[in-house]
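The next block holds one structure in the form of structure tokens; read it before the comments.
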Amino acid sequence: MSAQAARAPSTQPPILLREMVGSIAVLTLNRPAARNSLSVAMIASLHAALNDIGSDKSVRGVVLAANGPAFSAGHDMKELTARRTDPDRGRAFFAETMNACSAMMQAIVHLSKPVVASVQGIATAAGCQLVASCDLAIASEAASFATPGVDIGLFCSTPMVALSRNVPRKQAMEMLLTGEPVPAARAREIGLVNRVVAAGTERDAAIALAAKVALKSAYTVKLGKEAFYRQAEMSLADAYRYAAEVMTENMMARDAEEGIGAFIEKRTPTWRDE
């Protein structure tokens, strides 16, 4: 299988690799020497790849992985610090970077296809946010997670948004206020990841999980993923009203008619993704 760079300068190693494994697009962060920190270029590359995948009907799922010992150490602090010499001490650049990163994280949530994180090492700050933004996550038993900004005087406010939507409030606050790393087993206990697997098998496990979802109707997965995130922000009554509307529309879909018919007739459904 070939891997290609996504929007990286030709004179530099590709910062993001993309390959297809069956119907699954595997995006691999490729800045191992920088612990796969989320530079402006990396954020833009990820966002562009997600946009491209969104319109590619041949892709039915995404796995987000990384090369090297770290999954991602978060924002590129050297890149940010270099802008302290700007006339505004970097304010405009900091705002641009944080907003671009937030938009990329939301692109994962808004993508109509499932996104599975494959975490082999540390995922800290915005790297932890990246994992929390994915729909599903597989972690190596050697992986760990942290929001350690508080240790350097920079509270992990944007990572907090995704983290607090994944784990219970007090566990999120403990991570944010102490900055202490959470091992993979504990991350699973609090709901940050779905499964913990033997080191070195996380990528294959993530691909297998994405491929399992890819067997379902793409229309149904798209509808369900969008509904899941929308209802989570609603009151209980509003969520039920909205979900009832979604269920009604879903019942009218061709794939629902086919799937229910196949269930009754005890046969394998044939999806048309409509």
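In the structure tokens, the first chain shown is A, the next is B, and so on; residue numbers restart at 1 for each chain, and ligands run from 1 in the order shown.
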
Give me the residues within 10 Å of region 30-45 of chain A as a PyMOL selection string, counting only C-alpha atoms and dropping any in the same chain fewer than 5 places off.
chain A and resi 5-9+13-17+50-51+65-80+93+96-98+100-105+121-127+130

List the spatial neighbours of Val221 (chain A) as a VMD selection string - criterion: any atom at most 12 Å away, only C-alpha atoms, same-chain residues fewer than 2 positions off excluded.
chain A and resid 60 to 61 111 to 115 135 210 212 to 219 223 to 228 250 255 to 256 271 273 to 274

Run DSSP on the backbone and give me the residues of region 47-186 of chain A it puts in strand (DSSP E), as number ranges by chain.
A: 61-66, 70-72, 115-119, 122-124, 136-140, 144-146, 182-183

Expected file contents, prior selection, N, CA, C and O atoms, as a compact mmCIF listing (two decimals), in the first residue's frame:
```
# COMPACT_ATOMS: atom_id res chain seq x y z
N GLY A 61 -14.44 4.91 6.56
CA GLY A 61 -13.99 5.10 7.93
C GLY A 61 -12.58 5.66 7.93
O GLY A 61 -11.88 5.60 6.91
N VAL A 62 -12.18 6.24 9.07
CA VAL A 62 -10.87 6.86 9.19
C VAL A 62 -10.18 6.37 10.46
O VAL A 62 -10.83 6.24 11.51
N VAL A 63 -8.89 6.10 10.35
CA VAL A 63 -8.06 5.81 11.52
C VAL A 63 -7.02 6.90 11.60
O VAL A 63 -6.35 7.22 10.61
N LEU A 64 -6.89 7.49 12.77
CA LEU A 64 -5.89 8.53 13.01
C LEU A 64 -4.78 7.94 13.88
O LEU A 64 -5.02 7.58 15.03
N ALA A 65 -3.58 7.81 13.29
CA ALA A 65 -2.45 7.18 13.97
C ALA A 65 -1.26 8.14 13.98
O ALA A 65 -1.36 9.28 13.54
N ALA A 66 -0.13 7.66 14.47
CA ALA A 66 1.07 8.51 14.54
C ALA A 66 2.32 7.65 14.49
O ALA A 66 2.32 6.51 14.97
N ALA A 70 5.62 9.01 20.41
CA ALA A 70 4.52 9.83 20.93
C ALA A 70 3.39 9.90 19.92
O ALA A 70 3.63 10.03 18.71
N PHE A 71 2.16 9.85 20.41
CA PHE A 71 1.01 10.08 19.52
C PHE A 71 0.99 11.56 19.15
O PHE A 71 1.06 11.91 17.98
N SER A 72 0.90 12.42 20.13
CA SER A 72 1.03 13.86 19.90
C SER A 72 1.21 14.57 21.23
O SER A 72 0.47 14.32 22.19
N VAL A 115 -14.39 8.08 12.97
CA VAL A 115 -12.96 8.34 13.10
C VAL A 115 -12.47 7.63 14.36
O VAL A 115 -12.99 7.86 15.45
N VAL A 116 -11.46 6.77 14.19
CA VAL A 116 -10.93 5.97 15.29
C VAL A 116 -9.48 6.38 15.54
O VAL A 116 -8.66 6.35 14.63
N ALA A 117 -9.17 6.76 16.77
CA ALA A 117 -7.79 7.09 17.13
C ALA A 117 -7.03 5.82 17.47
O ALA A 117 -7.57 4.92 18.12
N SER A 118 -5.79 5.74 17.01
CA SER A 118 -4.88 4.64 17.35
C SER A 118 -3.72 5.26 18.11
O SER A 118 -2.85 5.91 17.52
N VAL A 119 -3.71 5.07 19.43
CA VAL A 119 -2.76 5.79 20.29
C VAL A 119 -1.68 4.83 20.79
O VAL A 119 -1.95 3.90 21.54
N ILE A 122 2.34 8.76 24.26
CA ILE A 122 1.71 9.84 25.00
C ILE A 122 0.80 10.67 24.09
O ILE A 122 1.09 10.89 22.92
N ALA A 123 -0.31 11.10 24.67
CA ALA A 123 -1.23 12.03 24.00
C ALA A 123 -1.50 13.13 25.02
O ALA A 123 -2.26 12.93 25.96
N THR A 124 -0.83 14.26 24.86
CA THR A 124 -0.91 15.31 25.87
C THR A 124 -1.48 16.59 25.29
O THR A 124 -1.30 16.90 24.11
N LEU A 136 -14.12 7.10 18.32
CA LEU A 136 -13.69 5.90 19.02
C LEU A 136 -12.17 5.98 19.20
O LEU A 136 -11.49 6.72 18.48
N ALA A 137 -11.65 5.22 20.15
CA ALA A 137 -10.19 5.25 20.37
C ALA A 137 -9.70 3.91 20.89
O ALA A 137 -10.30 3.32 21.79
N ILE A 138 -8.59 3.47 20.30
CA ILE A 138 -7.88 2.27 20.73
C ILE A 138 -6.53 2.72 21.26
O ILE A 138 -5.81 3.49 20.60
N ALA A 139 -6.16 2.24 22.43
CA ALA A 139 -4.88 2.65 23.03
C ALA A 139 -4.00 1.44 23.27
O ALA A 139 -4.47 0.39 23.72
N SER A 140 -2.73 1.62 23.00
CA SER A 140 -1.73 0.65 23.41
C SER A 140 -1.66 0.65 24.93
O SER A 140 -1.90 1.67 25.58
N SER A 144 -0.37 6.84 27.30
CA SER A 144 -0.80 7.62 28.46
C SER A 144 -1.36 8.95 27.97
O SER A 144 -1.07 9.39 26.85
N PHE A 145 -2.14 9.58 28.82
CA PHE A 145 -2.89 10.78 28.43
C PHE A 145 -2.75 11.84 29.52
O PHE A 145 -2.75 11.51 30.71
N ALA A 146 -2.64 13.10 29.11
CA ALA A 146 -2.51 14.16 30.09
C ALA A 146 -2.89 15.50 29.49
O ALA A 146 -2.80 15.69 28.27
N VAL A 182 -2.39 10.00 32.82
CA VAL A 182 -3.35 8.92 33.08
C VAL A 182 -2.95 7.73 32.21
O VAL A 182 -2.90 7.85 30.99
N PRO A 183 -2.65 6.59 32.80
CA PRO A 183 -2.27 5.42 32.01
C PRO A 183 -3.45 4.89 31.20
O PRO A 183 -4.62 5.21 31.49
```

Every residue of region 30-107 of chain A that DSSP places in helix (DSSP H, G or I), as a PyMOL selection string:
chain A and resi 32-34+40-54+77-85+91-107

So, with only C-alpha atoms as the atoms that count, which of A:Ala243, A:Ile53, A:Ile24, A:Ala198 lies closest to Gln120 (chain A)?
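Closest to Gln120 (chain A) of all the choices is A:Ala198.
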